[in-house]
Amino acid sequence: MRKELQQLCRLLNDKDYVKIYKKSIFELSADDESENDQYSMTENAADFYINKNGVFFTYRLDDPVDIQQIAEWISGIREIETTEKKIEFCGGKKYLSKKQVCSFIKKIKKKVKDIDFDLLYESYEEDIIFGNGIVEIRGFQSVIMEIDYKKVNFGPFVYTEMPQEQEFISEIREKIKNYKKWERFKKIDVNRDCDVDMEVECVALPRVAGQLFHESIGHLAEADVYESMRNEDVKIGDKVSNQQLSITDYPGWSGIETGIIFDEEMTLAKPLPIIKRGVFQGVMSDKEMHHKGEEYQLSGFCRSSIDNNMQQIRMRNLVVENGVDEMEECISNIKYGFYIIESDEAKRENNRIYLHVKKALVIKDGTFIGKVENVWLQNLNREFLQSIAAVFDNGSWFELYKCRKNGGSIYISYFSPGIVCTMRTIRTFIKKFL
């Protein structure tokens, strides 16, 4: 494969590049360890970017069979001869086989009763070949697990390598234990008990907090979004939040599979502090936006995707630093609020963020009194950030989160602890967006 990529690179002019995607998704059965090629979905593509006086012209080849076909396609477009050049490979791929996944799940099912698994196996590759001789190899395989226990679904769990059996079993049993606790609470009709636009103190667990930060500060710190929101949201230099809050966007991190080394303008990807001790400090940029002002940081954010070959400014992997607050103490001080266990959707619309809560416990005077399901919450972004009253010391990584912008999806990961913040109740959002 490397030799073929070398030959392809030698067809390109120095400022051109090619991006090759291979994506396949399988439905797996824990009883099936075969390595068959029956895809539930497969998508292959190659995008050829020709730089003409600083402007890229893009050509797409759908469903290429191999590198040789891509090379012949490029030769037909450019009509140039192969040139000798030094080739440097960077990046890498990890491999998780379908057989490994099925074998692991079979062992788990023998040890934990009354559970079933729905398994999706995904293989994703994204190689980028620059005409100057740099070739970056990206790719991973992952399994997405939904666990069913007595008709109740837990998940998704996403793994790029199989965890230790005992740790995984302990995690499942903890999920079941927490669900049984959840079931004992009575359901509360939040539309009856809460006024529209009522402020609610929220304890957001790490995954939920990460979703809020993704929409709140991750997208706002993309220079094109920031530019469009200059007079409506927080600005660089503003003290926006609790002084414990520090957020950095990293191109890569040890152990996660969503790292990049170069962006598509051949900018070396470097970390960018966005919020430091509560102050908004940095904005992600590409070269075009960087020319508009030095506050737009050029650290490797220009990317395209398999479903949108337009180059865009995209965040990479947000890391929210752990704080020092204790969750139990914070809960005991809440007069009325939600302990948000699970959310499945978050959105940004202009300067407002929205969160769909799948499951939450209701807190009154520091005690859990009931549960709510399928509730939409919202707040102005500035108010959400300024309302953060606590940052916990319980951060976790959440990998292979799909981030969509202007029709283009990329894979990112994020690290976040839980937080205490304020959101507002809403009744009309579900009719407006669904």
# chains A, B, ... in the order shown; residues from 1 in each chain; ligands from 1

call {"tool": "residues_around", "arguments": {"residues": "stretch 106-119 of chain A", "least_positions_apart": "5", "cutoff": "7 Å", "atoms": "only C-alpha atoms", "output": "MDAnalysis selection string"}}
result
chainID A and resid 27:31 143:150

call {"tool": "write_last_selection", "arguments": {"atoms": "all heavy atoms", "output": "mmCIF file, in the first residue's frame"}}
result
data_model
loop_
_atom_site.group_PDB
_atom_site.id
_atom_site.type_symbol
_atom_site.label_atom_id
_atom_site.label_comp_id
_atom_site.auth_asym_id
_atom_site.auth_seq_id
_atom_site.Cartn_x
_atom_site.Cartn_y
_atom_site.Cartn_z
ATOM 1 N N GLU A 27 -23.319 -5.091 10.390
ATOM 2 C CA GLU A 27 -24.098 -5.556 11.528
ATOM 3 C C GLU A 27 -23.525 -6.905 11.931
ATOM 4 O O GLU A 27 -23.415 -7.806 11.108
ATOM 5 C CB GLU A 27 -25.575 -5.699 11.172
ATOM 6 C CG GLU A 27 -26.271 -4.365 10.956
ATOM 7 C CD GLU A 27 -27.754 -4.536 10.681
ATOM 8 O OE1 GLU A 27 -28.233 -5.691 10.714
ATOM 9 O OE2 GLU A 27 -28.420 -3.531 10.429
ATOM 10 N N LEU A 28 -23.158 -7.041 13.206
ATOM 11 C CA LEU A 28 -22.539 -8.271 13.677
ATOM 12 C C LEU A 28 -23.465 -9.029 14.606
ATOM 13 O O LEU A 28 -24.286 -8.433 15.308
ATOM 14 C CB LEU A 28 -21.245 -7.968 14.447
ATOM 15 C CG LEU A 28 -20.055 -7.402 13.681
ATOM 16 C CD1 LEU A 28 -18.865 -7.309 14.624
ATOM 17 C CD2 LEU A 28 -19.710 -8.241 12.482
ATOM 18 N N SER A 29 -23.295 -10.328 14.606
ATOM 19 C CA SER A 29 -23.932 -11.188 15.589
ATOM 20 C C SER A 29 -22.843 -11.771 16.473
ATOM 21 O O SER A 29 -21.780 -12.154 15.985
ATOM 22 C CB SER A 29 -24.709 -12.321 14.906
ATOM 23 O OG SER A 29 -25.061 -13.311 15.846
ATOM 24 N N ALA A 30 -23.113 -11.840 17.767
ATOM 25 C CA ALA A 30 -22.126 -12.406 18.683
ATOM 26 C C ALA A 30 -21.851 -13.865 18.373
ATOM 27 O O ALA A 30 -20.816 -14.411 18.771
ATOM 28 C CB ALA A 30 -22.609 -12.271 20.115
ATOM 29 N N ASP A 31 -22.743 -14.515 17.643
ATOM 30 C CA ASP A 31 -22.570 -15.935 17.302
ATOM 31 C C ASP A 31 -21.865 -16.130 15.972
ATOM 32 O O ASP A 31 -21.672 -17.263 15.528
ATOM 33 C CB ASP A 31 -23.935 -16.627 17.254
ATOM 34 C CG ASP A 31 -24.650 -16.537 18.586
ATOM 35 O OD1 ASP A 31 -23.973 -16.683 19.619
ATOM 36 O OD2 ASP A 31 -25.866 -16.288 18.586
ATOM 37 N N VAL A 143 -16.199 -0.781 17.313
ATOM 38 C CA VAL A 143 -17.477 -1.467 17.495
ATOM 39 C C VAL A 143 -18.359 -0.587 18.362
ATOM 40 O O VAL A 143 -17.921 -0.010 19.355
ATOM 41 C CB VAL A 143 -17.300 -2.869 18.130
ATOM 42 C CG1 VAL A 143 -16.639 -2.789 19.493
ATOM 43 C CG2 VAL A 143 -18.646 -3.572 18.231
ATOM 44 N N ILE A 144 -19.603 -0.438 17.932
ATOM 45 C CA ILE A 144 -20.611 0.327 18.670
ATOM 46 C C ILE A 144 -21.594 -0.681 19.252
ATOM 47 O O ILE A 144 -22.232 -1.431 18.513
ATOM 48 C CB ILE A 144 -21.340 1.330 17.765
ATOM 49 C CG1 ILE A 144 -20.321 2.266 17.096
ATOM 50 C CG2 ILE A 144 -22.368 2.124 18.551
ATOM 51 C CD1 ILE A 144 -20.909 3.105 15.991
ATOM 52 N N MET A 145 -21.702 -0.712 20.575
ATOM 53 C CA MET A 145 -22.539 -1.702 21.251
ATOM 54 C C MET A 145 -23.757 -1.036 21.881
ATOM 55 O O MET A 145 -23.643 -0.033 22.570
ATOM 56 C CB MET A 145 -21.762 -2.398 22.371
ATOM 57 C CG MET A 145 -20.527 -3.116 21.955
ATOM 58 S SD MET A 145 -19.810 -3.941 23.406
ATOM 59 C CE MET A 145 -18.236 -4.475 22.709
ATOM 60 N N GLU A 146 -24.913 -1.621 21.630
ATOM 61 C CA GLU A 146 -26.123 -1.319 22.384
ATOM 62 C C GLU A 146 -26.452 -2.562 23.191
ATOM 63 O O GLU A 146 -26.520 -3.664 22.644
ATOM 64 C CB GLU A 146 -27.285 -0.978 21.442
ATOM 65 C CG GLU A 146 -27.042 0.210 20.532
ATOM 66 C CD GLU A 146 -27.284 1.541 21.208
ATOM 67 O OE1 GLU A 146 -27.787 1.526 22.356
ATOM 68 O OE2 GLU A 146 -26.984 2.576 20.605
ATOM 69 N N ILE A 147 -26.664 -2.400 24.486
ATOM 70 C CA ILE A 147 -26.903 -3.531 25.371
ATOM 71 C C ILE A 147 -28.361 -3.507 25.814
ATOM 72 O O ILE A 147 -28.850 -2.478 26.311
ATOM 73 C CB ILE A 147 -25.974 -3.478 26.600
ATOM 74 C CG1 ILE A 147 -24.516 -3.563 26.137
ATOM 75 C CG2 ILE A 147 -26.290 -4.593 27.580
ATOM 76 C CD1 ILE A 147 -23.517 -3.351 27.237
ATOM 77 N N ASP A 148 -29.062 -4.620 25.618
ATOM 78 C CA ASP A 148 -30.464 -4.734 26.005
ATOM 79 C C ASP A 148 -30.586 -5.613 27.240
ATOM 80 O O ASP A 148 -30.144 -6.777 27.231
ATOM 81 C CB ASP A 148 -31.294 -5.316 24.862
ATOM 82 C CG ASP A 148 -31.365 -4.373 23.684
ATOM 83 O OD1 ASP A 148 -31.687 -3.197 23.901
ATOM 84 O OD2 ASP A 148 -31.081 -4.803 22.548
ATOM 85 N N TYR A 149 -31.186 -5.062 28.276
ATOM 86 C CA TYR A 149 -31.437 -5.805 29.512
ATOM 87 C C TYR A 149 -32.923 -5.707 29.833
ATOM 88 O O TYR A 149 -33.440 -4.633 30.136
ATOM 89 C CB TYR A 149 -30.606 -5.223 30.663
ATOM 90 C CG TYR A 149 -30.989 -5.741 32.031
ATOM 91 C CD1 TYR A 149 -30.628 -7.025 32.437
ATOM 92 C CD2 TYR A 149 -31.716 -4.946 32.919
ATOM 93 C CE1 TYR A 149 -30.976 -7.493 33.700
ATOM 94 C CE2 TYR A 149 -32.065 -5.406 34.176
ATOM 95 C CZ TYR A 149 -31.697 -6.686 34.550
ATOM 96 O OH TYR A 149 -32.052 -7.153 35.797
ATOM 97 N N LYS A 150 -33.644 -6.826 29.685
ATOM 98 C CA LYS A 150 -35.089 -6.870 29.956
ATOM 99 C C LYS A 150 -35.815 -5.742 29.232
ATOM 100 O O LYS A 150 -36.563 -4.954 29.832
ATOM 101 C CB LYS A 150 -35.344 -6.828 31.458
ATOM 102 C CG LYS A 150 -34.810 -8.059 32.197
ATOM 103 C CD LYS A 150 -35.151 -8.030 33.677
ATOM 104 C CE LYS A 150 -34.651 -9.309 34.360
ATOM 105 N NZ LYS A 150 -34.970 -9.331 35.811
#

call {"tool": "closest_atom_pairs", "arguments": {"of": "stretch 237-266 of chain A", "to": "stretch 367-390 of chain A", "cutoff": "8 Å", "atoms": "only C-alpha atoms", "output": "JSON lines"}}
result
{"residue": "A:Val240", "atom": "CA", "partner": "A:Gln386", "partner_atom": "CA", "distance": 5.7}
{"residue": "A:Ser241", "atom": "CA", "partner": "A:Gln386", "partner_atom": "CA", "distance": 4.5}
{"residue": "A:Asn242", "atom": "CA", "partner": "A:Ile388", "partner_atom": "CA", "distance": 6.0}

call {"tool": "closest_atom_pairs", "arguments": {"of": "stretch 112-216 of chain A", "to": "stretch 4-23 of chain A", "cutoff": "7 Å", "atoms": "only C-alpha atoms", "output": "JSON lines"}}
result
{"residue": "A:Ser123", "atom": "CA", "partner": "A:Lys23", "partner_atom": "CA", "distance": 5.7}
{"residue": "A:Tyr124", "atom": "CA", "partner": "A:Lys23", "partner_atom": "CA", "distance": 4.6}
{"residue": "A:Glu125", "atom": "CA", "partner": "A:Lys22", "partner_atom": "CA", "distance": 5.0}
{"residue": "A:Glu126", "atom": "CA", "partner": "A:Tyr21", "partner_atom": "CA", "distance": 4.7}
{"residue": "A:Asp127", "atom": "CA", "partner": "A:Ile20", "partner_atom": "CA", "distance": 5.2}
{"residue": "A:Ile128", "atom": "CA", "partner": "A:Lys19", "partner_atom": "CA", "distance": 4.4}
{"residue": "A:Ile129", "atom": "CA", "partner": "A:Val18", "partner_atom": "CA", "distance": 5.2}
{"residue": "A:Phe130", "atom": "CA", "partner": "A:Tyr17", "partner_atom": "CA", "distance": 4.3}
{"residue": "A:Gly131", "atom": "CA", "partner": "A:Asp14", "partner_atom": "CA", "distance": 4.2}
{"residue": "A:Asn132", "atom": "CA", "partner": "A:Asp14", "partner_atom": "CA", "distance": 4.5}
{"residue": "A:Gly133", "atom": "CA", "partner": "A:Cys9", "partner_atom": "CA", "distance": 6.5}

call {"tool": "closest_residue", "arguments": {"among": "A:Ile105, A:Ile306, A:Ile188, A:Ile247", "to": "A:Thr42", "atoms": "only C-alpha atoms"}}
result
A:Ile306

call {"tool": "closest_atom_pairs", "arguments": {"of": "stretch 180-267 of chain A", "to": "stretch 335-346 of chain A", "cutoff": "10 Å", "atoms": "only C-alpha atoms", "output": "Markdown table"}}
result
| residue | atom | partner | partner_atom | distance |
| --- | --- | --- | --- | --- |
| A:Trp182 | CA | A:Ile341 | CA | 10.0 |
| A:Glu199 | CA | A:Gly337 | CA | 8.7 |
| A:Val200 | CA | A:Gly337 | CA | 5.1 |
| A:Glu201 | CA | A:Gly337 | CA | 4.5 |
| A:Cys202 | CA | A:Phe338 | CA | 4.8 |
| A:Val203 | CA | A:Tyr339 | CA | 4.7 |
| A:Ala204 | CA | A:Ile340 | CA | 5.0 |
| A:Leu205 | CA | A:Ile341 | CA | 6.1 |
| A:Pro206 | CA | A:Ile341 | CA | 9.2 |
| A:Arg207 | CA | A:Glu342 | CA | 7.8 |
| A:Val208 | CA | A:Ser343 | CA | 6.1 |
| A:Ala209 | CA | A:Ile340 | CA | 9.3 |
| A:Gln211 | CA | A:Ala346 | CA | 6.3 |
| A:Leu212 | CA | A:Ala346 | CA | 6.7 |
| A:Phe213 | CA | A:Ala346 | CA | 9.8 |
| A:His214 | CA | A:Ala346 | CA | 8.6 |
| A:Glu215 | CA | A:Ala346 | CA | 6.9 |
| A:Ser216 | CA | A:Ala346 | CA | 9.5 |

call {"tool": "closest_residue", "arguments": {"among": "A:Glu222, A:Glu264, A:Ala360, A:Ser413", "to": "A:Tyr179", "atoms": "only C-alpha atoms"}}
result
A:Ala360

call {"tool": "select_by_dssp", "arguments": {"residues": "stretch 17-206 of chain A", "states": "strand (DSSP E)", "output": "ChimeraX atom specification"}}
result
/A:17-28,41-52,55-62,88-93,115-130,134-149,152-159,199-204

call {"tool": "residues_around", "arguments": {"residues": "A:Ile236", "least_positions_apart": "4", "cutoff": "10 Å", "atoms": "only C-alpha atoms", "output": "list of chain:residue names"}}
result
A:Ala221, A:Tyr226, A:Arg230, A:Val240, A:Ile274, A:Ile275, A:Val279, A:Phe280, A:Gln281, A:Gly282, A:Val283, A:Glu295, A:Tyr296

call {"tool": "closest_residue", "arguments": {"among": "A:Glu294, A:Asp325, A:Asp63, A:Glu136", "to": "A:Met266", "atoms": "only C-alpha atoms"}}
result
A:Glu136

call {"tool": "select_by_dssp", "arguments": {"residues": "stretch 129-274 of chain A", "states": "helix (DSSP H, G or I)", "output": "PyMOL selection string"}}
result
chain A and resi 165-183+190-193+206-218+223-228

call {"tool": "atom_distance", "arguments": {"atom1": "atom CA of A:Gly255", "atom2": "atom CA of A:Ser416"}}
result
15.8 Å

call {"tool": "residues_around", "arguments": {"residues": "A:Tyr59", "least_positions_apart": "6", "cutoff": "9 Å", "atoms": "only C-alpha atoms", "output": "PDB file with N, CA and C atoms, in the first residue's frame"}}
result
ATOM      1  N   ALA A  46     -12.620   9.320  -3.548  1.00  0.00           N
ATOM      2  CA  ALA A  46     -11.342  10.025  -3.623  1.00  0.00           C
ATOM      3  C   ALA A  46     -11.609  11.445  -4.100  1.00  0.00           C
ATOM      4  N   ASP A  47     -11.046  12.422  -3.394  1.00  0.00           N
ATOM      5  CA  ASP A  47     -11.166  13.832  -3.776  1.00  0.00           C
ATOM      6  C   ASP A  47      -9.791  14.351  -4.183  1.00  0.00           C
ATOM      7  N   PHE A  48      -9.730  14.978  -5.362  1.00  0.00           N
ATOM      8  CA  PHE A  48      -8.490  15.523  -5.899  1.00  0.00           C
ATOM      9  C   PHE A  48      -8.609  17.038  -5.873  1.00  0.00           C
ATOM     10  N   TYR A  49      -7.722  17.708  -5.120  1.00  0.00           N
ATOM     11  CA  TYR A  49      -7.728  19.157  -4.956  1.00  0.00           C
ATOM     12  C   TYR A  49      -6.571  19.748  -5.756  1.00  0.00           C
ATOM     13  N   ILE A  50      -6.893  20.542  -6.770  1.00  0.00           N
ATOM     14  CA  ILE A  50      -5.889  21.207  -7.606  1.00  0.00           C
ATOM     15  C   ILE A  50      -5.798  22.675  -7.191  1.00  0.00           C
ATOM     16  N   ILE A  77      -6.809  13.865 -15.550  1.00  0.00           N
ATOM     17  CA  ILE A  77      -7.193  15.250 -15.260  1.00  0.00           C
ATOM     18  C   ILE A  77      -6.015  16.195 -15.462  1.00  0.00           C
TER      19      ILE A  77
END

call {"tool": "closest_residue", "arguments": {"among": "A:Arg60, A:Lys151, A:Lys98, A:Lys239", "to": "A:Arg277", "atoms": "only C-alpha atoms"}}
result
A:Lys239

call {"tool": "closest_residue", "arguments": {"among": "A:Asn350, A:Asn317, A:Asn231, A:Ser75", "to": "A:Gly252", "atoms": "only C-alpha atoms"}}
result
A:Asn317

call {"tool": "atom_distance", "arguments": {"atom1": "atom CA of A:Gln297", "atom2": "atom CA of A:Ile313"}}
result
11.2 Å

call {"tool": "residues_around", "arguments": {"residues": "A:Cys403", "least_positions_apart": "4", "cutoff": "10 Å", "atoms": "only C-alpha atoms", "output": "VMD selection string"}}
result
chain A and resid 214 to 215 219 314 to 316 407 to 413

call {"tool": "closest_residue", "arguments": {"among": "A:Val420, A:Val320, A:Leu96, A:Val391", "to": "A:Ile334", "atoms": "only C-alpha atoms"}}
result
A:Val420
